[in-house]
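K.L.:
My structure is below; once you've seen it, I'll send some questions.
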Amino acid sequence: MAQAFAGKTALITGGGTGIGRAAAIQLAAKGCFVTIAGRTVRTLEETIHEIEASCGKVRYVVCDVSDEDSVKAAVQAAIGDSGRLDFGINSAGITGGDDPRETGNYATETFDRVIAIDLRGTFLCMKYELQQMQKQGFGSIVNLASGAGLVGVPGFSGYTAAKHGVVGLTKTAALDYGPDGIRVNAIAAGLVDTPLIATGHSPEMMAARIAAHPIGRIARASEIADAVVWLCSDQSSFVTGIALPVDGGYTAQ
């Protein structure tokens, strides 16, 4: 798929790190003009420098996905002078911290924050991406869900609820907009080796997390990005409304 996306445009939230950065790098390498969005200028600039070093086309916009005006502005920035938005990759999200608690003891403020960013943020991005895609009559949206969007995860009520919600939004939007030439899918990722989980965890905790994946390791961000690129491409032209597990067998258990 070398230069398969030449002339196309993408908005990637959470583009400063992890899966968002990996997806931006891969799409730009295939000729897509990528707009990355996030809250931290430093990490956005790091992604920019990496893509530009390989002659990719990229820009960034500061965006808080929990703020509707901020999301609307980011989508408009991605549309830019081209007047089109081919791909929306909604990757921004948080876990709510690494303090598992039974639902009855789960902090309400943590629940609200995770829902605001992971679920409401995804909804807001989809809302404005879909408005543009409906006008132009084409587009593909990929939402980053999680294995926690397909199965329960003890101790993480907020994150699990949010990711289940993302899967539900994905399926509903796929039905709403299929007749308009728009595909909407999600990726139910397993644990990914990103800065979010790279520090602050004991060896015992990381060993337990790795053991939860039958393949015997956690994912590289580039492996999730491979699935993002496929769901954007014409190779998946008959695929919509799915939550694709890319999880090393985690949800097969």
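To be explicit about the labels: the chains of the structure tokens are called A, B, and onward in the order shown, and within each one the residues are counted from 1, while ligands get numbers from 1 in the order they are shown.
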Give me, as a list in words, all polymer residues having an atom no more than 12 Å from Leu175 in chain A, counting only C-alpha atoms and skipping those fewer than 4 positions away in the same chain.
P.N.:
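Near neighbours after the sequence-gap exclusion: Gly168, Leu169, Thr170, Lys171, Pro179, Asp180, Gly181, Ile182, Arg183, Val184, Asn185, Val239, Thr240, Gly241 and Ile242 of chain A.
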K.L.:
Take the residues from that selection and put them in a file with C-alpha atoms, as a compact mmCIF listing (two decimals), in the first residue's frame.
P.N.:
# COMPACT_ATOMS: atom_id res chain seq x y z
CA GLY A 168 -21.86 0.60 21.01
CA LEU A 169 -21.29 4.00 19.39
CA THR A 170 -19.29 2.34 16.65
CA LYS A 171 -22.02 -0.15 15.79
CA PRO A 179 -25.94 4.21 3.23
CA ASP A 180 -23.82 7.38 3.00
CA GLY A 181 -20.66 5.54 2.03
CA ILE A 182 -19.11 5.84 5.48
CA ARG A 183 -17.59 2.94 7.37
CA VAL A 184 -17.20 2.99 11.16
CA ASN A 185 -15.19 0.37 13.02
CA VAL A 239 -16.10 -4.14 6.74
CA THR A 240 -18.16 -1.88 8.98
CA GLY A 241 -19.66 -1.98 12.46
CA ILE A 242 -17.10 -4.34 13.95
K.L.:
So that I can see what lies close to range 61-77 of chain A, please list as a ChimeraX atom specification the residues with an atom at most 6 Å from it, counting only C-alpha atoms and leaving out residues fewer than 6 positions away in the same chain.
P.N.:
/A:37-39,116-117,121
K.L.:
For the selection just defined, write its residues with C-alpha atoms to a file, as a PDB file, in the first residue's frame.
P.N.:
ATOM      1  CA  ALA A  37      -4.471  16.285  17.856  1.00  0.00           C
ATOM      2  CA  GLY A  38      -3.684  16.147  21.547  1.00  0.00           C
ATOM      3  CA  ARG A  39      -3.204  18.150  24.707  1.00  0.00           C
ATOM      4  CA  ALA A 116     -15.726  12.337  29.659  1.00  0.00           C
ATOM      5  CA  ILE A 117     -12.527  11.568  27.742  1.00  0.00           C
ATOM      6  CA  GLY A 121     -14.636  12.449  23.676  1.00  0.00           C
TER       7      GLY A 121
END
K.L.:
Residues at most 10 Å from Ala161 in chain A, counting only C-alpha atoms, excluding those fewer than 3 positions away in the same chain, as a short mmCIF file (atom, residue, chain, number, x, y, z; two decimals) with N, CA, C and O atoms, in the first residue's frame?
P.N.:
data_model
loop_
_atom_site.label_atom_id
_atom_site.label_comp_id
_atom_site.auth_asym_id
_atom_site.auth_seq_id
_atom_site.Cartn_x
_atom_site.Cartn_y
_atom_site.Cartn_z
N PHE A 111 -14.58 7.85 37.58
CA PHE A 111 -15.57 7.37 36.60
C PHE A 111 -15.96 8.50 35.65
O PHE A 111 -15.95 8.33 34.42
N VAL A 114 -13.06 9.43 33.17
CA VAL A 114 -12.84 8.44 32.11
C VAL A 114 -13.97 8.49 31.08
O VAL A 114 -13.73 8.44 29.87
N ILE A 115 -15.19 8.60 31.54
CA ILE A 115 -16.33 8.69 30.62
C ILE A 115 -16.22 9.95 29.77
O ILE A 115 -16.46 9.94 28.56
N ASP A 118 -12.86 9.20 27.34
CA ASP A 118 -12.86 8.00 26.50
C ASP A 118 -14.16 7.82 25.73
O ASP A 118 -14.13 7.40 24.56
N LEU A 119 -15.28 8.11 26.35
CA LEU A 119 -16.58 7.88 25.69
C LEU A 119 -17.14 9.16 25.09
O LEU A 119 -17.38 9.23 23.89
N ALA A 148 -11.38 -4.44 26.94
CA ALA A 148 -12.31 -4.06 28.01
C ALA A 148 -13.64 -3.55 27.45
O ALA A 148 -14.56 -3.28 28.21
N GLY A 149 -13.72 -3.40 26.13
CA GLY A 149 -15.00 -3.07 25.50
C GLY A 149 -15.79 -4.29 25.10
O GLY A 149 -16.94 -4.18 24.68
N GLY A 152 -15.66 -8.02 30.67
CA GLY A 152 -15.50 -7.30 31.92
C GLY A 152 -14.05 -7.35 32.41
O GLY A 152 -13.34 -8.32 32.16
N VAL A 153 -13.66 -6.29 33.12
CA VAL A 153 -12.32 -6.24 33.72
C VAL A 153 -12.49 -5.87 35.19
O VAL A 153 -12.84 -4.72 35.49
N PHE A 156 -12.02 -2.11 37.21
CA PHE A 156 -11.91 -0.95 36.32
C PHE A 156 -13.28 -0.59 35.73
O PHE A 156 -13.49 -0.62 34.51
N SER A 157 -14.21 -0.24 36.59
CA SER A 157 -15.59 0.04 36.16
C SER A 157 -15.66 1.15 35.13
O SER A 157 -16.36 1.04 34.11
N GLY A 158 -14.97 2.25 35.38
CA GLY A 158 -15.04 3.40 34.48
C GLY A 158 -14.51 3.10 33.10
O GLY A 158 -15.15 3.38 32.08
N HIS A 164 -16.94 -0.20 26.49
CA HIS A 164 -18.16 -0.82 25.99
C HIS A 164 -19.01 0.21 25.26
O HIS A 164 -19.63 -0.09 24.23
N GLY A 165 -19.05 1.42 25.79
CA GLY A 165 -19.80 2.50 25.14
C GLY A 165 -19.24 2.84 23.77
O GLY A 165 -19.99 3.10 22.82
N VAL A 166 -17.91 2.84 23.64
CA VAL A 166 -17.28 3.12 22.35
C VAL A 166 -17.69 2.06 21.32
O VAL A 166 -17.98 2.39 20.16
#
K.L.:
Tell me, which residues of range 49-227 of chain A carry DSSP alpha helix (DSSP H), written as a VMD selection string?
P.N.:
chain A and resid 49 to 53 68 to 79 108 to 114 121 to 136 157 to 177 195 to 198 203 to 211 221 to 227
K.L.:
One decimal, Å: what's the distance from CA of Gly155 in chain A over to CA of Glu223 in chain A, could you say?
P.N.:
26.9 Å
